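Notes for the one structure printed next.
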Amino acid sequence: MSDIEEIKELEREYDGEAMRDPSGPPQFNLAEWISEAPFEKLCGMEIVKAFGGEASIRMPYRVKLSMGGGLMHGGALMSLADTAIAIAVKSLLPEGSKFVTHSLNSNFLAPMRRGTALARAKVERVEGKKLHASASILNDDDEQVADFKALFIVVDM
């Protein structure tokens, strides 16, 4: 099964209710997001949820993403958090909106040595074109590995 087929299957599992709520903000097609994001595919990221300013993404531990001592590299975890926050932001904005990460601050709390990292992101507040958000990364034992605060800015292109 291709990545796009897997994402479409995830969308069917949600039965479309959360992804396409007609009373909420415009939503995006998860399969299209992954097909346009080769870096996320390279890292093995998979969108679990994306709706209403929240997103969850998982990424498996891979030797290619590790550093000395067999720990998952902090840059890989930051990329996971940045992507999760970006998807949470994207879930609130009209289709075609462009935005950038202005700042992403991290606190690493525990090493990630195995299993799957799960990033949970949430837009905390919106101030005009500024979106303040946070994310946490959990390991397979639901222990927090890292937390993040971010500022994203909607840009005109």
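Starting from 1 in every chain, residues are counted up; chains themselves are A, B, ... following the order of the structure tokens, and ligands are numbered from 1 as listed.
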
### Message
Applying 7 Å and only C-alpha atoms, which residues near A:Arg113 remain after dropping the ones on its own chain fewer than 2 positions away? List them as a list of chain:residue names.
### Response
A:Gly70, A:Leu71, A:Met72, A:Pro111

Output C-alpha atoms for every residue in that selection, as a PDB file, in the first residue's frame.
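Printed below is selection17.pdb as written:
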```pdb
ATOM      1  CA  GLY A  70      21.831   5.413  19.549  1.00  0.00           C
ATOM      2  CA  LEU A  71      19.593   8.319  20.580  1.00  0.00           C
ATOM      3  CA  MET A  72      17.156   9.870  18.131  1.00  0.00           C
ATOM      4  CA  PRO A 111      16.204  10.501  25.473  1.00  0.00           C
TER       5      PRO A 111
END
```

### Message
as a VMD selection string, please: every residue in stretch 30-136 of chain A that a backbone DSSP assignment puts in strand (DSSP E or B).
### Response
chain A and resid 46 to 51 54 to 60 66 72 98 to 108 116 to 127 130 to 136

### Query
Counting only C-alpha atoms, which of A:Ile137, A:Thr83, A:Leu65, A:Lys129 gets nearest to A:Lys98?
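Counting only C-alpha atoms, the residue closest to A:Lys98 is A:Lys129.
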
### Query
For A:Leu104, which of A:Leu131, A:Ala37, A:Leu151, A:Leu138 is the closest residue, counting only C-alpha atoms?
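Checking each candidate against A:Leu104, we get A:Leu151 as the closest.
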
As a PDB file with N, CA and C atoms, in the first residue's frame, please: the residues near stretch 56-62 of chain A (cut-off 7 Å, only C-alpha atoms, same-chain neighbours under 2 positions excluded).
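Result file follows (around24.pdb):
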```
ATOM      1  N   CYS A  43      11.505  11.050   6.648  1.00  0.00           N
ATOM      2  CA  CYS A  43      11.589  10.799   8.089  1.00  0.00           C
ATOM      3  C   CYS A  43      10.610   9.728   8.558  1.00  0.00           C
ATOM      4  N   GLY A  44       9.685   9.340   7.704  1.00  0.00           N
ATOM      5  CA  GLY A  44       8.692   8.336   8.081  1.00  0.00           C
ATOM      6  C   GLY A  44       7.542   8.897   8.890  1.00  0.00           C
ATOM      7  N   MET A  45       7.309  10.210   8.794  1.00  0.00           N
ATOM      8  CA  MET A  45       6.214  10.828   9.543  1.00  0.00           C
ATOM      9  C   MET A  45       4.868  10.390   8.984  1.00  0.00           C
ATOM     10  N   GLU A  46       3.929  10.235   9.896  1.00  0.00           N
ATOM     11  CA  GLU A  46       2.574   9.836   9.518  1.00  0.00           C
ATOM     12  C   GLU A  46       1.576  10.685  10.298  1.00  0.00           C
ATOM     13  N   ILE A  47       0.659  11.304   9.600  1.00  0.00           N
ATOM     14  CA  ILE A  47      -0.361  12.122  10.252  1.00  0.00           C
ATOM     15  C   ILE A  47      -1.409  11.200  10.859  1.00  0.00           C
ATOM     16  N   VAL A  48      -1.676  11.407  12.138  1.00  0.00           N
ATOM     17  CA  VAL A  48      -2.689  10.636  12.843  1.00  0.00           C
ATOM     18  C   VAL A  48      -3.989  11.428  12.906  1.00  0.00           C
ATOM     19  N   LYS A  49      -3.868  12.741  13.140  1.00  0.00           N
ATOM     20  CA  LYS A  49      -5.037  13.603  13.320  1.00  0.00           C
ATOM     21  C   LYS A  49      -4.667  15.007  12.888  1.00  0.00           C
ATOM     22  N   ALA A  50      -5.628  15.709  12.306  1.00  0.00           N
ATOM     23  CA  ALA A  50      -5.428  17.119  11.952  1.00  0.00           C
ATOM     24  C   ALA A  50      -6.790  17.770  11.836  1.00  0.00           C
ATOM     25  N   LYS A  64      18.939   5.959  10.868  1.00  0.00           N
ATOM     26  CA  LYS A  64      19.346   7.106  10.049  1.00  0.00           C
ATOM     27  C   LYS A  64      19.016   8.441  10.711  1.00  0.00           C
ATOM     28  N   LEU A  65      18.134   8.427  11.702  1.00  0.00           N
ATOM     29  CA  LEU A  65      17.755   9.652  12.407  1.00  0.00           C
ATOM     30  C   LEU A  65      18.394   9.726  13.792  1.00  0.00           C
ATOM     31  N   SER A  66      19.372   8.869  14.031  1.00  0.00           N
ATOM     32  CA  SER A  66      19.976   8.834  15.361  1.00  0.00           C
ATOM     33  C   SER A  66      21.343   9.511  15.370  1.00  0.00           C
ATOM     34  N   MET A  72      17.725   9.134  19.260  1.00  0.00           N
ATOM     35  CA  MET A  72      17.156   9.870  18.131  1.00  0.00           C
ATOM     36  C   MET A  72      17.683  11.299  18.196  1.00  0.00           C
ATOM     37  N   ALA A  84       4.250  18.925  13.054  1.00  0.00           N
ATOM     38  CA  ALA A  84       2.969  18.776  13.750  1.00  0.00           C
ATOM     39  C   ALA A  84       2.316  20.137  13.976  1.00  0.00           C
ATOM     40  N   ARG A 114      14.137   4.265  21.098  1.00  0.00           N
ATOM     41  CA  ARG A 114      13.470   3.194  20.353  1.00  0.00           C
ATOM     42  C   ARG A 114      12.013   3.577  20.139  1.00  0.00           C
ATOM     43  N   GLY A 115      11.309   2.746  19.400  1.00  0.00           N
ATOM     44  CA  GLY A 115       9.865   2.900  19.267  1.00  0.00           C
ATOM     45  C   GLY A 115       9.455   4.040  18.359  1.00  0.00           C
ATOM     46  N   THR A 116       8.324   4.615  18.686  1.00  0.00           N
ATOM     47  CA  THR A 116       7.724   5.659  17.863  1.00  0.00           C
ATOM     48  C   THR A 116       7.531   6.922  18.685  1.00  0.00           C
ATOM     49  N   ALA A 117       7.948   8.031  18.121  1.00  0.00           N
ATOM     50  CA  ALA A 117       7.718   9.338  18.743  1.00  0.00           C
ATOM     51  C   ALA A 117       6.367   9.854  18.263  1.00  0.00           C
ATOM     52  N   LEU A 118       5.549  10.338  19.181  1.00  0.00           N
ATOM     53  CA  LEU A 118       4.243  10.906  18.844  1.00  0.00           C
ATOM     54  C   LEU A 118       4.240  12.372  19.228  1.00  0.00           C
ATOM     55  N   ALA A 119       4.057  13.246  18.243  1.00  0.00           N
ATOM     56  CA  ALA A 119       3.968  14.685  18.494  1.00  0.00           C
ATOM     57  C   ALA A 119       2.505  15.085  18.532  1.00  0.00           C
ATOM     58  N   ARG A 120       2.131  15.807  19.574  1.00  0.00           N
ATOM     59  CA  ARG A 120       0.784  16.365  19.693  1.00  0.00           C
ATOM     60  C   ARG A 120       0.929  17.881  19.721  1.00  0.00           C
ATOM     61  N   ALA A 121       0.295  18.526  18.758  1.00  0.00           N
ATOM     62  CA  ALA A 121       0.433  19.977  18.618  1.00  0.00           C
ATOM     63  C   ALA A 121      -0.918  20.663  18.739  1.00  0.00           C
TER      64      ALA A 121
END
```

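Residue nearest A:Ile85 within the list A:Val154, A:Asp142, A:Phe148, A:His73: A:Phe148 [criterion: smallest interatomic distance, only C-alpha atoms].
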
### Message
as a ChimeraX atom specification, please: every residue in stretch 32-129 of chain A that DSSP puts in alpha helix (DSSP H).
### Response
/A:32-35,38-43,74-90

### Query
Excluding same-chain residues fewer than 2 positions from A:Ala150, what lies within 7 Å of it counting only C-alpha atoms, as a count of residues only?
8

### Query
Rounded to one decimal in Å, what is the spacing between atom CA of A:Asp140 and atom CA of A:Lys122?
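Taking atom CA of A:Asp140 and atom CA of A:Lys122, their separation equals 20.2 Å.
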
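The coordinates place atom CA of A:Val89 at 25.9 Å from atom CA of A:Met112.
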
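Among A:Ala86, A:Leu92, A:Val123, A:Met78, the residue with the shortest atom-to-atom distance to A:Asp147, counting only C-alpha atoms, is A:Met78.
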
### Message
If I take atom CA of A:Glu143 and atom CA of A:Val63, how far is one from the other in Å, to one decimal?
### Response
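Taking atom CA of A:Glu143 as the start and atom CA of A:Val63 as the end point, the length is 20.9 Å.
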